[in-house]
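Chemist: What follows is the file structure03.cif, containing mmCIF, C-alpha atoms and all ligand atoms; chains and numbers go by the auth columns:
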```
data_entry
#
loop_
_atom_site.group_PDB
_atom_site.id
_atom_site.type_symbol
_atom_site.label_atom_id
_atom_site.label_comp_id
_atom_site.label_asym_id
_atom_site.label_seq_id
_atom_site.Cartn_x
_atom_site.Cartn_y
_atom_site.Cartn_z
_atom_site.B_iso_or_equiv
_atom_site.auth_seq_id
_atom_site.auth_asym_id
ATOM 1 C CA MET A 1 0.000 0.000 0.000 0.00 1 V
ATOM 2 C CA TYR A 2 2.775 2.407 0.873 0.00 2 V
ATOM 3 C CA HIS A 3 4.486 1.542 -2.324 0.00 3 V
ATOM 4 C CA CYS A 4 1.319 2.451 -4.206 0.00 4 V
ATOM 5 C CA ILE A 5 1.091 5.925 -2.583 0.00 5 V
ATOM 6 C CA PHE A 6 4.766 6.533 -3.210 0.00 6 V
ATOM 7 C CA SER A 7 4.331 5.748 -6.906 0.00 7 V
ATOM 8 C CA LYS A 8 1.436 8.169 -7.186 0.00 8 V
ATOM 9 C CA ASN A 9 3.488 10.926 -5.572 0.00 9 V
ATOM 10 C CA MET A 10 6.343 10.273 -7.929 0.00 10 V
ATOM 11 C CA TYR A 11 3.965 10.527 -10.837 0.00 11 V
ATOM 12 C CA SER A 12 2.457 13.833 -9.710 0.00 12 V
ATOM 13 C CA GLU A 13 5.917 15.285 -9.179 0.00 13 V
ATOM 14 C CA LEU A 14 6.722 14.587 -12.785 0.00 14 V
ATOM 15 C CA LYS A 15 3.466 16.130 -13.927 0.00 15 V
ATOM 16 C CA VAL A 16 3.565 19.205 -11.681 0.00 16 V
ATOM 17 C CA ASP A 17 6.004 21.015 -13.927 0.00 17 V
ATOM 18 C CA LEU A 18 3.457 21.311 -16.711 0.00 18 V
ATOM 19 C CA MET A 19 0.177 23.165 -16.403 0.00 19 V
ATOM 20 C CA LYS A 20 -2.571 24.223 -18.738 0.00 20 V
ATOM 21 C CA GLN A 21 -3.616 27.776 -19.246 0.00 21 V
ATOM 22 C CA ALA A 22 -6.475 29.161 -21.247 0.00 22 V
ATOM 23 C CA LEU A 23 -5.811 31.969 -23.662 0.00 23 V
ATOM 24 C CA LEU A 24 -8.456 34.645 -23.420 0.00 24 V
ATOM 25 C CA CYS A 25 -9.364 37.112 -26.100 0.00 25 V
ATOM 26 C CA THR A 26 -8.645 40.544 -24.625 0.00 26 V
ATOM 27 C CA LYS A 27 -11.511 42.020 -26.604 0.00 27 V
ATOM 28 C CA CYS A 28 -14.441 39.714 -25.737 0.00 28 V
ATOM 29 C CA GLY A 29 -12.962 37.433 -23.069 0.00 29 V
ATOM 30 C CA SER A 30 -13.598 34.151 -24.892 0.00 30 V
ATOM 31 C CA ARG A 31 -11.374 31.198 -24.034 0.00 31 V
ATOM 32 C CA ASN A 32 -10.350 30.299 -27.536 0.00 32 V
ATOM 33 C CA TYR A 33 -7.112 28.408 -26.957 0.00 33 V
ATOM 34 C CA THR A 34 -5.409 26.259 -24.382 0.00 34 V
ATOM 35 C CA ILE A 35 -1.655 26.138 -23.961 0.00 35 V
ATOM 36 C CA THR A 36 0.554 23.924 -21.869 0.00 36 V
ATOM 37 C CA ILE A 37 3.283 25.809 -20.079 0.00 37 V
ATOM 38 C CA SER A 38 5.954 24.985 -17.570 0.00 38 V
ATOM 39 C CA GLU A 39 5.350 25.860 -13.919 0.00 39 V
ATOM 40 C CA LYS A 40 8.566 27.898 -14.021 0.00 40 V
ATOM 41 C CA HIS A 41 7.157 30.179 -16.691 0.00 41 V
ATOM 42 C CA LYS A 42 3.697 30.787 -15.257 0.00 42 V
ATOM 43 C CA SER A 43 4.727 34.217 -13.968 0.00 43 V
ATOM 44 C CA GLU A 44 5.470 35.232 -17.542 0.00 44 V
ATOM 45 C CA ARG A 45 2.123 35.989 -19.098 0.00 45 V
ATOM 46 C CA PHE A 46 1.846 34.402 -22.465 0.00 46 V
ATOM 47 C CA GLU A 47 0.547 36.745 -25.150 0.00 47 V
ATOM 48 C CA ALA A 48 -0.160 36.108 -28.786 0.00 48 V
ATOM 49 C CA LYS A 49 -2.185 37.532 -31.615 0.00 49 V
ATOM 50 C CA LYS A 50 -4.675 34.856 -32.601 0.00 50 V
ATOM 51 C CA HIS A 51 -7.908 34.528 -34.462 0.00 51 V
ATOM 52 C CA CYS A 52 -11.014 34.872 -32.323 0.00 52 V
ATOM 53 C CA LYS A 53 -14.165 33.114 -33.545 0.00 53 V
ATOM 54 C CA VAL A 54 -16.424 35.490 -31.605 0.00 54 V
ATOM 55 C CA CYS A 55 -14.791 38.715 -32.801 0.00 55 V
ATOM 56 C CA ASN A 56 -14.046 37.141 -36.202 0.00 56 V
ATOM 57 C CA GLU A 57 -10.688 38.865 -36.332 0.00 57 V
ATOM 58 C CA HIS A 58 -7.148 38.606 -35.004 0.00 58 V
ATOM 59 C CA THR A 59 -7.007 39.904 -31.479 0.00 59 V
ATOM 60 C CA LEU A 60 -4.499 39.796 -28.652 0.00 60 V
ATOM 61 C CA HIS A 61 -4.925 36.721 -26.460 0.00 61 V
ATOM 62 C CA LYS A 62 -3.524 36.500 -22.962 0.00 62 V
ATOM 63 C CA ALA A 63 -3.072 33.630 -20.531 0.00 63 V
ATOM 64 C CA SER A 64 -5.826 33.486 -17.918 0.00 64 V
ATOM 65 C CA ILE A 65 -3.578 33.476 -14.828 0.00 65 V
HETATM 66 ZN ZN ZN B . -12.825 37.920 -29.169 0.00 101 O
#
```
Now, as a test, write the supplied structure out as structure tokens.

Modeler:
Amino acid sequence: MYHCIFSKNMYSELKVDLMKQALLCTKCGSRNYTITISEKHKSERFEAKKHCKVCNEHTLHKASI
């Protein structure tokens, strides 16, 4: 049983470095994209110009956190 818990902890430690963030359209607030970023880089807000289905144009998208 202890071995089982240990294995699960090991697994989550490997996974903890990567996290998902939604990219929100800065114009309408829609969550149009999801990116996977490293935990180390979560303080750096990801920004990109992407197409928004709602606005039907290229707008600036920012990470939700
Ligand atoms: Zn939009």

Chemist: Expand the PyMOL selection byres (((not hetatm)) within 12 of (chain O and resi 101)) into the explicit residue set it covers here, and present it as a PyMOL selection string.

Modeler: chain V and resi 23-33+49-62

Chemist: With the file shown as input, list the residues that the PyMOL selection byres (((chain V and resi 40-46) around 9) and not hetatm) selects, as a PDB file with C-alpha atoms, in the coordinates of the input.

Modeler:
```pdb
ATOM      1  CA  ASP V  17       6.004  21.015 -13.927  1.00  0.00           C
ATOM      2  CA  LEU V  18       3.457  21.311 -16.711  1.00  0.00           C
ATOM      3  CA  MET V  19       0.177  23.165 -16.403  1.00  0.00           C
ATOM      4  CA  GLN V  21      -3.616  27.776 -19.246  1.00  0.00           C
ATOM      5  CA  LEU V  23      -5.811  31.969 -23.662  1.00  0.00           C
ATOM      6  CA  ILE V  37       3.283  25.809 -20.079  1.00  0.00           C
ATOM      7  CA  SER V  38       5.954  24.985 -17.570  1.00  0.00           C
ATOM      8  CA  GLU V  39       5.350  25.860 -13.919  1.00  0.00           C
ATOM      9  CA  GLU V  47       0.547  36.745 -25.150  1.00  0.00           C
ATOM     10  CA  ALA V  48      -0.160  36.108 -28.786  1.00  0.00           C
ATOM     11  CA  HIS V  61      -4.925  36.721 -26.460  1.00  0.00           C
ATOM     12  CA  LYS V  62      -3.524  36.500 -22.962  1.00  0.00           C
ATOM     13  CA  ALA V  63      -3.072  33.630 -20.531  1.00  0.00           C
ATOM     14  CA  SER V  64      -5.826  33.486 -17.918  1.00  0.00           C
ATOM     15  CA  ILE V  65      -3.578  33.476 -14.828  1.00  0.00           C
TER      16      ILE V  65
END
```

Chemist: As JSON, what would the box around range 51-62 of chain V look like: edges along x, y and z, 5 Å added on every side, centre and edge lengths in Å to one decimal?

Modeler:
```
{"center_x": -10.0, "center_y": 36.5, "center_z": -29.6, "size_x": 22.9, "size_y": 16.8, "size_z": 23.4}
```
